[in-house]
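Content type compact mmCIF, C-alpha atoms and all ligand atoms, from the file target30.txt:
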# COMPACT_ATOMS: atom_id res chain seq x y z
CA MET A 1 -17.41 -25.20 -29.14
CA LYS A 2 -16.68 -21.50 -29.77
CA ARG A 3 -13.68 -20.23 -27.81
CA ILE A 4 -13.97 -17.04 -25.73
CA LYS A 5 -11.90 -14.37 -27.48
CA VAL A 6 -10.18 -12.09 -24.94
CA LEU A 7 -8.28 -9.00 -26.10
CA SER A 8 -5.87 -7.54 -23.52
CA VAL A 9 -4.98 -3.89 -24.13
CA PHE A 10 -1.99 -2.16 -22.53
CA GLY A 11 0.64 0.41 -23.35
CA THR A 12 3.07 1.27 -20.55
CA ARG A 13 5.77 -0.64 -18.68
CA PRO A 14 3.83 -1.41 -15.50
CA GLU A 15 0.73 -2.52 -17.39
CA ALA A 16 2.87 -4.89 -19.45
CA ILE A 17 4.58 -6.36 -16.36
CA LYS A 18 1.20 -6.98 -14.77
CA MET A 19 -0.74 -8.08 -17.88
CA ILE A 20 1.65 -10.34 -19.78
CA PRO A 21 1.48 -13.14 -17.17
CA LEU A 22 -2.31 -12.96 -17.57
CA VAL A 23 -2.21 -12.94 -21.39
CA GLN A 24 -0.03 -16.05 -21.19
CA GLU A 25 -2.23 -17.71 -18.57
CA LEU A 26 -5.37 -17.18 -20.68
CA ALA A 27 -3.60 -18.61 -23.73
CA ARG A 28 -3.22 -21.88 -21.79
CA HIS A 29 -7.01 -22.16 -21.29
CA PRO A 30 -8.34 -24.51 -23.99
CA GLY A 31 -11.65 -22.61 -24.11
CA MET A 32 -10.05 -19.23 -24.75
CA GLU A 33 -8.25 -17.31 -27.45
CA SER A 34 -5.92 -14.74 -25.87
CA LEU A 35 -5.01 -11.75 -28.07
CA CYS A 36 -3.07 -8.66 -27.16
CA ALA A 37 -3.06 -5.06 -28.45
CA VAL A 38 -0.46 -2.53 -27.33
CA THR A 39 -0.90 1.20 -27.77
CA ALA A 40 2.85 1.54 -27.13
CA GLN A 41 2.19 4.68 -25.08
CA HIS A 42 5.68 3.71 -23.91
CA ARG A 43 7.98 2.40 -26.64
CA GLN A 44 11.38 1.35 -25.29
CA MET A 45 10.15 0.63 -21.76
CA LEU A 46 7.28 -1.49 -23.12
CA ASP A 47 9.50 -3.35 -25.59
CA SER A 48 11.86 -4.28 -22.77
CA VAL A 49 9.02 -6.10 -20.98
CA LEU A 50 7.72 -7.73 -24.18
CA ASP A 51 11.24 -9.05 -24.80
CA ILE A 52 11.73 -10.46 -21.30
CA PHE A 53 8.42 -12.36 -21.44
CA SER A 54 8.82 -13.22 -25.18
CA LEU A 55 5.42 -11.83 -26.14
CA LYS A 56 4.67 -10.53 -29.63
CA PRO A 57 1.54 -8.36 -29.62
CA ASP A 58 -1.16 -9.08 -32.22
CA TYR A 59 -1.69 -5.32 -32.69
CA ASP A 60 0.71 -2.42 -32.08
CA LEU A 61 -0.56 1.16 -32.41
CA ASN A 62 2.92 2.65 -31.86
CA ILE A 63 1.54 5.99 -30.62
CA MET A 64 4.38 7.31 -28.43
CA GLU A 65 5.76 10.81 -29.03
CA PRO A 66 8.45 12.64 -27.05
CA ARG A 67 6.89 14.79 -24.30
CA GLN A 68 3.45 13.54 -25.30
CA SER A 69 0.40 15.24 -23.81
CA LEU A 70 -2.63 13.54 -22.32
CA TYR A 71 -4.60 14.84 -25.33
CA THR A 72 -2.40 13.21 -27.95
CA ILE A 73 -2.15 9.88 -26.12
CA THR A 74 -5.92 9.76 -25.72
CA ALA A 75 -6.78 10.81 -29.28
CA LYS A 76 -4.24 8.57 -31.02
CA ALA A 77 -5.04 5.52 -28.91
CA LEU A 78 -8.80 5.92 -29.26
CA THR A 79 -8.67 6.28 -33.03
CA GLY A 80 -6.32 3.32 -33.30
CA MET A 81 -8.45 1.11 -31.11
CA GLU A 82 -11.48 1.49 -33.42
CA GLY A 83 -9.75 -0.51 -36.15
CA VAL A 84 -8.31 -3.07 -33.71
CA LEU A 85 -11.76 -3.84 -32.30
CA GLN A 86 -13.40 -3.97 -35.73
CA GLU A 87 -10.83 -6.49 -36.93
CA SER A 88 -10.41 -8.63 -33.80
CA LYS A 89 -14.06 -8.68 -32.62
CA PRO A 90 -13.29 -9.85 -29.06
CA ASP A 91 -15.89 -11.16 -26.60
CA LEU A 92 -14.12 -9.36 -23.77
CA VAL A 93 -11.57 -6.53 -23.54
CA LEU A 94 -9.18 -6.51 -20.56
CA VAL A 95 -7.50 -3.31 -19.40
CA HIS A 96 -5.21 -2.76 -16.44
CA GLY A 97 -4.95 -0.13 -13.75
CA ASP A 98 -5.20 3.57 -14.45
CA THR A 99 -3.09 4.89 -17.32
CA SER A 100 -4.36 6.83 -20.33
CA THR A 101 -4.19 3.58 -22.32
CA THR A 102 -6.38 1.93 -19.67
CA PHE A 103 -9.09 4.55 -19.89
CA VAL A 104 -9.01 4.68 -23.69
CA GLY A 105 -9.03 0.89 -24.00
CA ALA A 106 -12.16 0.72 -21.85
CA LEU A 107 -13.86 3.61 -23.64
CA ALA A 108 -13.12 2.13 -27.08
CA ALA A 109 -14.61 -1.22 -26.01
CA PHE A 110 -17.67 0.53 -24.62
CA TYR A 111 -18.22 2.33 -27.94
CA ALA A 112 -18.18 -1.09 -29.62
CA GLN A 113 -20.48 -2.48 -26.87
CA ILE A 114 -17.92 -5.09 -25.85
CA PRO A 115 -17.76 -5.95 -22.12
CA VAL A 116 -14.67 -4.78 -20.25
CA GLY A 117 -12.74 -6.56 -17.51
CA HIS A 118 -10.70 -4.24 -15.29
CA VAL A 119 -7.57 -5.79 -13.81
CA GLU A 120 -6.27 -4.03 -10.66
CA ALA A 121 -9.68 -2.49 -9.97
CA GLY A 122 -10.88 -0.55 -6.95
CA LEU A 123 -7.77 1.43 -5.99
CA ARG A 124 -8.63 4.94 -4.80
CA THR A 125 -7.15 8.02 -3.16
CA TYR A 126 -10.39 10.04 -3.44
CA ASP A 127 -8.35 13.04 -4.66
CA LYS A 128 -9.10 13.50 -8.35
CA TYR A 129 -5.84 15.39 -8.96
CA SER A 130 -3.55 12.94 -7.16
CA PRO A 131 -2.35 10.76 -8.69
CA PHE A 132 -3.09 12.73 -11.85
CA PRO A 133 -4.68 11.70 -14.15
CA GLU A 134 -4.74 8.15 -12.79
CA GLU A 135 -7.36 8.61 -10.05
CA MET A 136 -9.92 9.81 -12.59
CA ASN A 137 -8.91 7.19 -15.16
CA ARG A 138 -9.61 4.32 -12.78
CA ASN A 139 -12.87 5.86 -11.58
CA LEU A 140 -14.09 6.18 -15.15
CA VAL A 141 -13.06 2.61 -15.98
CA SER A 142 -15.01 1.37 -12.95
CA ARG A 143 -18.16 2.94 -14.47
CA ILE A 144 -17.55 1.19 -17.80
CA ALA A 145 -16.33 -2.23 -16.68
CA THR A 146 -18.49 -5.35 -16.31
CA LEU A 147 -15.86 -7.42 -14.48
CA HIS A 148 -13.70 -5.92 -11.73
CA PHE A 149 -10.62 -7.89 -10.63
CA CYS A 150 -9.56 -6.37 -7.29
CA PRO A 151 -6.17 -7.11 -5.74
CA THR A 152 -7.28 -6.73 -2.12
CA ALA A 153 -10.33 -6.77 0.17
CA SER A 154 -10.12 -3.00 0.66
CA ASN A 155 -10.29 -2.52 -3.14
CA VAL A 156 -13.49 -4.61 -3.15
CA GLU A 157 -14.81 -2.45 -0.31
CA ASN A 158 -14.03 0.77 -2.23
CA LEU A 159 -16.15 -0.45 -5.15
CA ARG A 160 -18.95 -1.57 -2.83
CA ARG A 161 -19.11 1.95 -1.38
CA GLU A 162 -19.59 3.23 -4.94
CA GLY A 163 -22.45 0.79 -5.50
CA ILE A 164 -20.42 -1.65 -7.62
CA THR A 165 -21.06 -5.16 -6.33
CA GLU A 166 -21.80 -7.19 -9.49
CA GLY A 167 -18.88 -8.87 -11.30
CA VAL A 168 -16.40 -8.04 -8.52
CA CYS A 169 -13.77 -10.62 -7.67
CA GLN A 170 -10.81 -10.44 -5.24
CA THR A 171 -7.83 -11.96 -7.01
CA GLY A 172 -4.55 -10.58 -5.61
CA ASN A 173 -2.27 -8.49 -7.80
CA THR A 174 -0.79 -10.08 -10.92
CA VAL A 175 2.51 -8.28 -10.19
CA ILE A 176 3.20 -10.90 -7.51
CA ASP A 177 2.70 -13.60 -10.18
CA ALA A 178 5.38 -11.80 -12.24
CA LEU A 179 7.73 -11.36 -9.27
CA LYS A 180 7.71 -15.10 -8.61
CA THR A 181 9.24 -15.73 -12.03
CA THR A 182 12.05 -13.16 -11.90
CA VAL A 183 13.89 -13.17 -8.54
CA ARG A 184 16.79 -15.64 -8.37
CA GLU A 185 19.58 -16.35 -5.82
CA ASN A 186 22.42 -16.52 -8.36
CA TYR A 187 21.25 -13.77 -10.68
CA THR A 188 23.63 -11.98 -13.05
CA PHE A 189 22.48 -8.49 -14.02
CA VAL A 190 22.04 -7.55 -17.67
CA GLU A 191 22.91 -3.91 -16.85
CA PRO A 192 26.71 -4.22 -16.53
CA SER A 193 27.21 -1.51 -13.89
CA LEU A 194 25.03 -3.43 -11.39
CA ASN A 195 27.38 -6.40 -11.30
CA GLY A 196 30.06 -4.04 -9.91
CA LEU A 197 27.93 -3.00 -6.92
CA ASP A 198 29.27 -4.04 -3.52
CA PHE A 199 26.08 -5.21 -1.79
CA ALA A 200 28.06 -6.37 1.28
CA LYS A 201 29.89 -3.07 1.96
CA LYS A 202 27.39 -0.48 0.72
CA ARG A 203 23.78 0.00 1.70
CA ILE A 204 21.98 0.23 -1.63
CA ILE A 205 19.12 2.72 -1.80
CA LEU A 206 16.94 2.02 -4.82
CA VAL A 207 15.23 5.13 -6.18
CA THR A 208 12.55 5.75 -8.80
CA CYS A 209 10.47 8.87 -9.46
CA HIS A 210 8.27 9.76 -12.41
CA ARG A 211 4.72 10.86 -11.49
CA ARG A 212 3.14 13.75 -13.38
CA GLU A 213 1.79 15.36 -10.20
CA ASN A 214 5.39 15.50 -8.91
CA TYR A 215 6.62 17.47 -11.98
CA GLY A 216 7.93 20.92 -10.95
CA GLN A 217 8.43 21.89 -7.30
CA PRO A 218 7.80 18.45 -5.71
CA MET A 219 10.33 16.83 -8.03
CA GLU A 220 12.84 19.61 -7.29
CA GLU A 221 12.52 18.91 -3.57
CA ILE A 222 12.75 15.13 -4.05
CA MET A 223 15.90 15.35 -6.20
CA SER A 224 17.50 17.82 -3.81
CA ALA A 225 16.76 15.50 -0.86
CA LEU A 226 18.31 12.56 -2.73
CA GLY A 227 21.53 14.52 -3.30
CA GLU A 228 21.72 15.44 0.36
CA ILE A 229 21.13 11.84 1.53
CA ALA A 230 23.98 10.63 -0.67
CA ARG A 231 26.38 13.32 0.64
CA GLU A 232 25.43 12.74 4.27
CA PHE A 233 25.72 8.93 4.11
CA PRO A 234 28.81 7.98 2.08
CA ASP A 235 28.32 4.33 3.09
CA THR A 236 25.18 4.26 0.92
CA GLU A 237 24.93 4.03 -2.85
CA LEU A 238 21.83 5.50 -4.48
CA VAL A 239 20.94 3.50 -7.57
CA TYR A 240 18.41 5.34 -9.67
CA PRO A 241 17.19 3.90 -13.00
CA VAL A 242 15.84 7.12 -14.50
CA HIS A 243 12.49 7.02 -16.31
CA LEU A 244 12.82 8.07 -19.97
CA SER A 245 10.47 11.05 -19.58
CA PRO A 246 12.55 14.10 -20.63
CA VAL A 247 11.10 16.04 -17.67
CA VAL A 248 12.42 13.46 -15.22
CA GLN A 249 15.75 13.01 -17.03
CA GLU A 250 16.43 16.74 -16.89
CA ALA A 251 15.64 17.11 -13.18
CA ALA A 252 17.56 13.98 -12.14
CA HIS A 253 20.73 14.84 -14.05
CA ARG A 254 20.70 18.52 -13.01
CA HIS A 255 20.54 17.64 -9.30
CA LEU A 256 22.48 14.39 -9.08
CA ASP A 257 25.19 14.27 -11.76
CA GLY A 258 28.69 14.20 -10.30
CA ILE A 259 27.79 12.89 -6.81
CA PRO A 260 30.15 9.90 -6.42
CA ASN A 261 27.71 7.56 -4.63
CA VAL A 262 24.74 8.25 -6.92
CA ARG A 263 24.34 6.07 -10.01
CA LEU A 264 21.92 7.39 -12.59
CA ILE A 265 21.35 4.50 -14.97
CA PRO A 266 18.92 3.77 -17.83
CA PRO A 267 15.60 2.05 -17.01
CA LEU A 268 16.24 -1.56 -16.06
CA ASP A 269 14.57 -4.57 -17.54
CA VAL A 270 12.13 -6.03 -15.07
CA ALA A 271 14.28 -9.02 -14.07
CA ASP A 272 17.20 -6.70 -13.26
CA MET A 273 14.83 -4.41 -11.35
CA HIS A 274 13.30 -7.15 -9.22
CA ASN A 275 16.69 -8.68 -8.42
CA LEU A 276 18.18 -5.29 -7.58
CA MET A 277 15.26 -4.59 -5.25
CA ALA A 278 15.75 -7.97 -3.58
CA ARG A 279 19.37 -6.98 -2.80
CA SER A 280 18.71 -3.36 -1.76
CA TYR A 281 18.57 -1.91 1.74
CA LEU A 282 15.83 0.62 1.23
CA VAL A 283 13.48 1.85 -1.51
CA LEU A 284 12.57 5.51 -2.12
CA THR A 285 9.90 5.79 -4.81
CA ASP A 286 6.74 7.40 -6.12
CA SER A 287 5.94 4.26 -8.16
CA GLY A 288 2.79 2.27 -7.58
CA GLY A 289 4.30 -1.05 -8.63
CA LEU A 290 7.32 -0.76 -6.34
CA GLN A 291 5.00 -0.24 -3.35
CA GLU A 292 3.51 -3.65 -4.12
CA GLU A 293 6.72 -5.53 -4.90
CA ALA A 294 9.06 -4.29 -2.15
CA PRO A 295 6.94 -5.49 0.82
CA SER A 296 6.88 -8.97 -0.63
CA LEU A 297 10.72 -8.85 -0.67
CA GLY A 298 10.89 -7.45 2.88
CA LYS A 299 12.28 -4.07 1.82
CA PRO A 300 11.22 -0.86 3.60
CA VAL A 301 9.69 1.73 1.26
CA LEU A 302 9.40 5.49 1.71
CA VAL A 303 6.78 6.79 -0.71
CA LEU A 304 7.61 10.13 -2.34
CA ARG A 305 3.99 11.22 -2.62
CA ARG A 306 1.35 12.93 -0.53
CA GLU A 307 -1.04 9.99 -0.59
CA THR A 308 -1.21 6.35 -1.59
CA GLU A 309 -3.97 4.17 -3.00
CA ARG A 310 -2.09 1.19 -1.56
CA PRO A 311 -2.78 1.41 2.20
CA GLU A 312 -2.35 -2.32 2.80
CA ALA A 313 1.45 -2.21 2.98
CA VAL A 314 1.30 0.91 5.16
CA ALA A 315 -0.96 -1.00 7.55
CA ALA A 316 1.46 -3.95 7.45
CA GLY A 317 4.30 -1.60 8.41
CA THR A 318 6.69 -1.94 5.43
CA VAL A 319 5.63 1.24 3.60
CA LYS A 320 5.52 4.81 4.92
CA LEU A 321 4.40 8.00 3.23
CA ALA A 322 7.29 10.48 3.17
CA GLY A 323 5.52 13.16 1.11
CA THR A 324 7.33 15.44 -1.33
CA LYS A 325 8.89 18.01 1.02
CA LYS A 326 12.67 17.88 1.18
CA GLU A 327 12.91 18.12 4.98
CA ASP A 328 10.35 15.33 5.53
CA ILE A 329 12.09 12.98 3.10
CA LEU A 330 15.45 13.71 4.74
CA ALA A 331 14.14 13.17 8.26
CA MET A 332 12.47 9.85 7.48
CA THR A 333 15.42 8.53 5.50
CA ARG A 334 17.88 9.54 8.25
CA THR A 335 15.82 7.60 10.79
CA LEU A 336 15.94 4.44 8.69
CA LEU A 337 19.68 4.80 8.07
CA THR A 338 20.65 5.48 11.68
CA ASP A 339 18.09 3.69 13.88
CA GLU A 340 18.40 -0.09 13.59
CA GLY A 341 15.19 -0.65 15.52
CA ALA A 342 13.19 1.61 13.21
CA TYR A 343 14.68 -0.17 10.20
CA ALA A 344 13.99 -3.66 11.58
CA ALA A 345 10.39 -2.69 12.34
CA MET A 346 9.81 -2.04 8.61
CA ALA A 347 12.04 -4.73 7.05
CA HIS A 348 9.86 -7.80 7.16
CA ALA A 349 8.31 -9.63 4.24
CA VAL A 350 4.54 -9.36 3.94
CA ASN A 351 2.27 -10.24 1.02
CA PRO A 352 -0.77 -7.99 1.20
CA TYR A 353 -0.95 -7.90 -2.61
CA GLY A 354 -1.28 -11.58 -3.31
CA ASP A 355 0.08 -15.09 -3.36
CA GLY A 356 1.18 -15.30 -6.99
CA HIS A 357 -2.02 -16.93 -8.28
CA ALA A 358 -3.96 -13.84 -9.37
CA CYS A 359 -3.87 -14.72 -13.09
CA ALA A 360 -5.39 -18.16 -12.47
CA ARG A 361 -8.22 -16.59 -10.45
CA ILE A 362 -8.91 -14.05 -13.17
CA GLY A 363 -8.96 -16.81 -15.80
CA SER A 364 -11.50 -18.81 -13.78
CA ALA A 365 -13.68 -15.74 -13.20
CA ILE A 366 -13.75 -15.03 -16.95
CA GLU A 367 -14.74 -18.64 -17.72
CA LYS A 368 -17.50 -18.44 -15.13
CA TYR A 369 -18.84 -15.20 -16.58
CA PHE A 370 -19.17 -16.72 -20.06
CA ALA A 371 -20.43 -20.14 -18.83
C1 LIG A 401 2.65 6.75 -17.65
C2 LIG A 401 1.29 6.68 -16.95
C3 LIG A 401 1.49 6.50 -15.45
C4 LIG A 401 2.42 5.34 -15.14
C5 LIG A 401 3.70 5.47 -15.93
C6 LIG A 401 4.55 4.24 -15.73
C7 LIG A 401 -0.47 8.06 -17.97
C8 LIG A 401 -1.11 9.38 -18.04
N1 LIG A 401 0.59 7.94 -17.15
O1 LIG A 401 3.29 7.93 -17.19
O2 LIG A 401 0.23 6.25 -14.84
O3 LIG A 401 2.72 5.36 -13.75
O4 LIG A 401 3.40 5.60 -17.33
O5 LIG A 401 5.88 4.46 -16.03
O6 LIG A 401 -0.91 7.17 -18.64
N2 LIG A 401 9.23 7.91 -22.82
C9 LIG A 401 10.14 7.41 -23.71
N3 LIG A 401 10.23 6.04 -23.86
C10 LIG A 401 9.48 5.19 -23.15
C11 LIG A 401 8.55 5.70 -22.23
C12 LIG A 401 8.43 7.06 -22.08
O7 LIG A 401 10.84 8.15 -24.36
O8 LIG A 401 9.63 3.98 -23.31
C13 LIG A 401 9.12 9.38 -22.66
C14 LIG A 401 8.42 10.05 -23.84
O9 LIG A 401 9.02 11.29 -24.08
C15 LIG A 401 7.00 10.25 -23.30
C16 LIG A 401 7.28 10.56 -21.85
O10 LIG A 401 8.34 9.67 -21.50
O11 LIG A 401 6.32 11.29 -23.98
C17 LIG A 401 6.13 10.40 -20.88
O12 LIG A 401 5.45 9.17 -21.10
P1 LIG A 401 3.89 9.03 -20.68
O13 LIG A 401 3.42 7.65 -20.94
O14 LIG A 401 3.13 10.15 -21.28
O15 LIG A 401 3.91 9.33 -19.12
P2 LIG A 401 4.55 8.57 -17.91
O16 LIG A 401 5.04 9.59 -16.96
O17 LIG A 401 5.47 7.54 -18.39
N1 LIG A 402 10.47 -1.19 -13.25
C1 LIG A 402 11.38 -1.74 -14.13
N2 LIG A 402 12.50 -1.03 -14.45
C2 LIG A 402 12.77 0.19 -13.93
C3 LIG A 402 11.80 0.77 -13.04
C4 LIG A 402 10.67 0.05 -12.73
O1 LIG A 402 11.20 -2.85 -14.60
O2 LIG A 402 13.81 0.77 -14.26
C5 LIG A 402 9.26 -1.96 -12.91
C6 LIG A 402 8.96 -2.11 -11.44
O3 LIG A 402 9.61 -3.23 -10.87
C7 LIG A 402 7.44 -2.26 -11.44
C8 LIG A 402 7.01 -1.37 -12.60
O4 LIG A 402 8.15 -1.24 -13.43
O5 LIG A 402 7.04 -3.59 -11.76
C9 LIG A 402 6.57 -0.03 -12.07
O6 LIG A 402 6.49 0.86 -13.13
P1 LIG A 402 6.47 2.42 -12.93
O7 LIG A 402 7.12 2.79 -11.65
O8 LIG A 402 7.01 3.01 -14.18
O9 LIG A 402 4.90 2.74 -12.91
P2 LIG A 402 3.78 2.71 -11.79
O10 LIG A 402 3.81 1.40 -11.11
O11 LIG A 402 4.05 3.86 -10.85
O12 LIG A 402 2.53 2.96 -12.55

Can the structure in the file be given as C-alpha cells, please?
Ligand code: UD1
Ligand code: UDP
Amino acid sequence: MKRIKVLSVFGTRPEAIKMIPLVQELARHPGMESLCAVTAQHRQMLDSVLDIFSLKPDYDLNIMEPRQSLYTITAKALTGMEGVLQESKPDLVLVHGDTSTTFVGALAAFYAQIPVGHVEAGLRTYDKYSPFPEEMNRNLVSRIATLHFCPTASNVENLRREGITEGVCQTGNTVIDALKTTVRENYTFVEPSLNGLDFAKKRIILVTCHRRENYGQPMEEIMSALGEIAREFPDTELVYPVHLSPVVQEAAHRHLDGIPNVRLIPPLDVADMHNLMARSYLVLTDSGGLQEEAPSLGKPVLVLRRETERPEAVAAGTVKLAGTKKEDILAMTRTLLTDEGAYAAMAHAVNPYGDGHACARIGSAIEKYFA
C-alpha cells in the first residue's frame, strides 16, 4: 500500500515548537511518510528548537538575512520551495499559523496543485494591519487550504462565518502537546544565569516583545514602562530573553541596560522558557505562543498589544489586554503587583487551547481525508 507523503513546512521558532511534535507524531503512523522542510526564516532560534526535539529537516532553504524585509523572505522562500516540491512530491503540505513562511509554503503548494493542511487555523483579529502581516497571512492561507486544523471552537466559528465549513476540524493547539513534554519539577536550566534566580524571594516577571506592529513608538512605550516597573518594585526581577531582531535588541538595551533587577538574556531554548514560565509570577508579552502556554500553567498574562486573536484565555480570566501605552501597562501591572485579590483572580490554570492530544487528532484527520 502506498504511504501518504506529508511535507511539513516551517521557518520560525514558534512554528517549529508547534510543528515538530506533529512531524514526529505523523512519522509514527505506519501509513504515512513524514518529511520536513525549513525555510530557516529564523536561523539560531529555529536551530535551538530543532536541537531540543532532535529533528533533522529533510530540506533547509537557509534564507535568513539580518534585518530581512517581508519582500526578501517571501521571494527567497517561494523560489526555494519550487525545488523542494518538485523533488519531494508530497501528497499533502502542512503549514502552521501566520508567518511569511506559512503563507509562502501554502502558496508554493497551491502552484504545484498539492493540497494544503493549515495547522492553527481560524485565528482572527479582523484588523488587516494588526498583527502585521500575520492577520493577512492567515486569511490568505485559509483561502488556499483544503484542511483546516483549528485549536478552538471559536476558530471553527470564525471560518464558518467566512463560508469555510469543509475540511475543518477542531483539534486543540499543538503547543500544549509540546508543553507537556518540557515542564519538570526538578528542572535545571541550560541558561546559567537562571539557576541563580531566587524564585522564593523575588517575584519573577517574564517579559517578551517582538511584534513588527510594535516597532517604533509602541515599543518605546513598552520598554519605558518595563524600566519603570522594575524601579518601582525592587522585590521583582524582570527576566527578558530578548528576541534576536536587531530592532528589538536595540530598543531593549537602550531602555533597560543597567537597571539592577532587569536581566536581559539571550533567547532561551524552549525547555528553559517553559520551565521559567512555570516558576514566574507574571508574564508581560506581545507573543502569541505565550498567551496560549501561560494560562495552562496558571500564570497571569498582560498582553502588550491592542488586540488579540486569542480571546479564549481572556474569557477564562487569565489573560488581559494591556495595550501599548506606557500609562496603561504601568497601571495594570501595578494592580497585579499590589492587589492580591486581583492577582488571585487571574492566577488559575485553565486549558482553553487543548488537552495535549492535538497532534493525534490531526494525524487521524489526515488519514481520514486520504481514506
Ligand atoms: C517572525 C514572524 C512572526 C512571529 C515571529 C516569532 C513574519 C513576518 N513574522 O517575526 O509572525 O511572531 O517570527 O518570533 O513571518 N533574527 C536572527 N536570528 C534568528 C531569528 C531572527 O538574527 O534566529 C533576526 C534577523 O536579523 C531577522 C530579524 O531577526 O532579519 C527578524 O526576523 P523575522 O523572521 O523577519 O521577523 P520576526 O520579528 O522574528
Ligand atoms: N520561546 C522560547 N524562547 C524564548 C522566547 C519564546 O522558546 O526566549 C517560545 C515560547 O515559549 C513559545 C514560542 O517561543 O512557545 C513563542 O514564540 P514567539 O513569541 O517568538 O512568537 P509568536 O508566538 O508571537 O508568533

Write out, as a tab-separated table, each residue of chain A that has an atom at most 9 Å from ligand LIG 401 (chain A), together with the closest pair of atoms and their distance in Å to one decimal, counting only C-alpha atoms and all ligand atoms, rows going by chain and rising number.
residue	atom	partner	partner_atom	distance
A:Gly11	CA	A:LIG401	O13	8.1
A:Thr12	CA	A:LIG401	O4	5.4
A:Arg13	CA	A:LIG401	O5	5.7
A:Pro14	CA	A:LIG401	C6	5.7
A:Glu15	CA	A:LIG401	C6	7.9
A:Ala40	CA	A:LIG401	O8	8.2
A:Gln41	CA	A:LIG401	O13	5.2
A:His42	CA	A:LIG401	C11	3.9
A:Arg43	CA	A:LIG401	O8	4.0
A:Gln44	CA	A:LIG401	O8	3.7
A:Met45	CA	A:LIG401	O8	3.7
A:Leu46	CA	A:LIG401	O8	6.0
A:Asp47	CA	A:LIG401	O8	7.7
A:Ser48	CA	A:LIG401	O8	8.6
A:Met64	CA	A:LIG401	O11	6.3
A:Glu65	CA	A:LIG401	O11	5.1
A:Pro66	CA	A:LIG401	O9	3.3
A:Arg67	CA	A:LIG401	O11	3.6
A:Gln68	CA	A:LIG401	O11	3.9
A:Ser69	CA	A:LIG401	O14	6.3
A:Leu70	CA	A:LIG401	C8	6.2
A:Ile73	CA	A:LIG401	O14	7.2
A:Gly97	CA	A:LIG401	O2	8.3
A:Asp98	CA	A:LIG401	O2	6.1
A:Thr99	CA	A:LIG401	O6	3.4
A:Ser100	CA	A:LIG401	O6	3.9
A:Thr101	CA	A:LIG401	O6	6.1
A:Thr102	CA	A:LIG401	O6	7.6
A:Phe103	CA	A:LIG401	O6	8.7
A:Pro131	CA	A:LIG401	O2	8.1
A:Phe132	CA	A:LIG401	C8	7.3
A:Pro133	CA	A:LIG401	C8	5.8
A:Glu134	CA	A:LIG401	O2	5.7
A:Asn137	CA	A:LIG401	C8	8.6
A:His210	CA	A:LIG401	O16	5.6
A:Arg211	CA	A:LIG401	O16	5.6
A:Arg212	CA	A:LIG401	O16	5.8
A:His243	CA	A:LIG401	C12	7.1
A:Leu244	CA	A:LIG401	N2	4.6
A:Ser245	CA	A:LIG401	O10	3.2
A:Pro246	CA	A:LIG401	O9	5.7
A:Val247	CA	A:LIG401	C16	7.9
A:Val248	CA	A:LIG401	O10	8.4
A:Pro267	CA	A:LIG401	O8	8.9
A:Asp286	CA	A:LIG401	O3	8.9
A:Ser287	CA	A:LIG401	O3	6.5
A:Gly288	CA	A:LIG401	O3	6.9
A:Gly289	CA	A:LIG401	O3	8.4

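Nearest residue to ligand LIG 402 (chain A), choosing from A:Thr174, A:Thr146, A:Thr324, A:Thr236 and counting all atoms listed in the file: A:Thr174.
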
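Here the selection is built from only C-alpha atoms, and the residues within 6 Å of (-21.5, -6.7, -13.9) turn out to be Thr146, Leu147, Glu166 and Gly167 of chain A.
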
- Taking into account all atoms listed in the file, which residue in the set A:Lys326, A:Ala345, A:Arg334, A:Ala27 is nearest to Glu232 (chain A)? A:Arg334

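Comparing the minimum interatomic distances between Leu50 (chain A) and each of A:Asp269, A:Glu82, A:Glu309, A:Glu185, counting all atoms listed in the file, we find that A:Asp269 sits nearest.
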
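With all atoms listed in the file as the atoms that count, the minimum distance from Asp127 (chain A) to the choices A:Glu307, A:Met1, A:Thr171, A:Thr165 is reached by A:Glu307.
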
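What separates CA of Arg306 (chain A) from CA of Thr74 (chain A) is a distance of 26.4 Å.
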
- Task: List the neighbours of Val93 (chain A) out to 9 Å using only C-alpha atoms; skip same-chain residues closer than 6 positions along the sequence, and give me the result as a PyMOL selection string.
- Result: chain A and resi 5-9+105-106+109+114-118

- Message: Using only C-alpha atoms, can you tell me which of A:Pro266, A:Pro218, A:Pro151, A:Gly356 comes closest to Glu191 (chain A)?
- Response: A:Pro266

- Which value, in Å to one decimal, gives the distance between CA of Val270 (chain A) and CA of Val175 (chain A)? 11.0 Å

- Query: So, counting all atoms listed in the file, which residue among A:Arg231, A:His348, A:Arg310, A:Lys89 is closest to ligand LIG 402 (chain A)?
  - Reply: A:Arg310

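Across the structure, CA of Ile229 (chain A) and CA of Thr338 (chain A) are spaced 12.0 Å apart.
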
- Message: Need the shell around Pro30 (chain A): protein/DNA/RNA residues with any atom at most 12 Å away, counting all atoms listed in the file. Skip same-chain ones fewer than 4 positions apart. Format as an MDAnalysis selection string?
- Response: chainID A and resid 1:5 25:26 34 363 367

- Pro352 (chain A) surroundings by only C-alpha atoms, 9 Å radius, close-in-sequence under 5 positions cut, as a PyMOL selection string: chain A and resi 151-152+172+292+295-296+312-313+316

Could the residues in this selection be saved with C-alpha atoms as a compact mmCIF listing (two decimals), keeping the file's coordinate frame?
# COMPACT_ATOMS: atom_id res chain seq x y z
CA PRO A 151 -6.17 -7.11 -5.74
CA THR A 152 -7.28 -6.73 -2.12
CA GLY A 172 -4.55 -10.58 -5.61
CA GLU A 292 3.51 -3.65 -4.12
CA PRO A 295 6.94 -5.49 0.82
CA SER A 296 6.88 -8.97 -0.63
CA GLU A 312 -2.35 -2.32 2.80
CA ALA A 313 1.45 -2.21 2.98
CA ALA A 316 1.46 -3.95 7.45

- Message: Give me, as JSON, numbers by chain, all polymer residues having an atom no more than 12 Å from Asn195 (chain A), counting all atoms listed in the file and skipping those fewer than 6 positions away in the same chain.
- Response: {"A": [186, 187, 188, 189, 272, 275, 276, 279]}

- Message: I want to know what sits within 8 Å of Val183 (chain A), based on all atoms listed in the file, with residues of the same chain fewer than 6 positions away left out; could you give that as a list in words?
- Response: Ala271, His274, Asn275 and Ala278 of chain A

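Those DNA, RNA and protein residues that approach the point (20.9, 1.6, -6.3) to within 10 Å, considering all atoms listed in the file, are A:Leu194, A:Leu197, A:Phe199, A:Lys202, A:Arg203, A:Ile204, A:Ile205, A:Leu206, A:Val207, A:Thr208, A:Thr236, A:Glu237, A:Leu238, A:Val239, A:Tyr240, A:Pro241, A:Asn261, A:Val262, A:Arg263, A:Leu264, A:Ile265, A:Met273, A:Leu276, A:Met277, A:Arg279, A:Ser280, A:Tyr281, A:Leu282, A:Val283.
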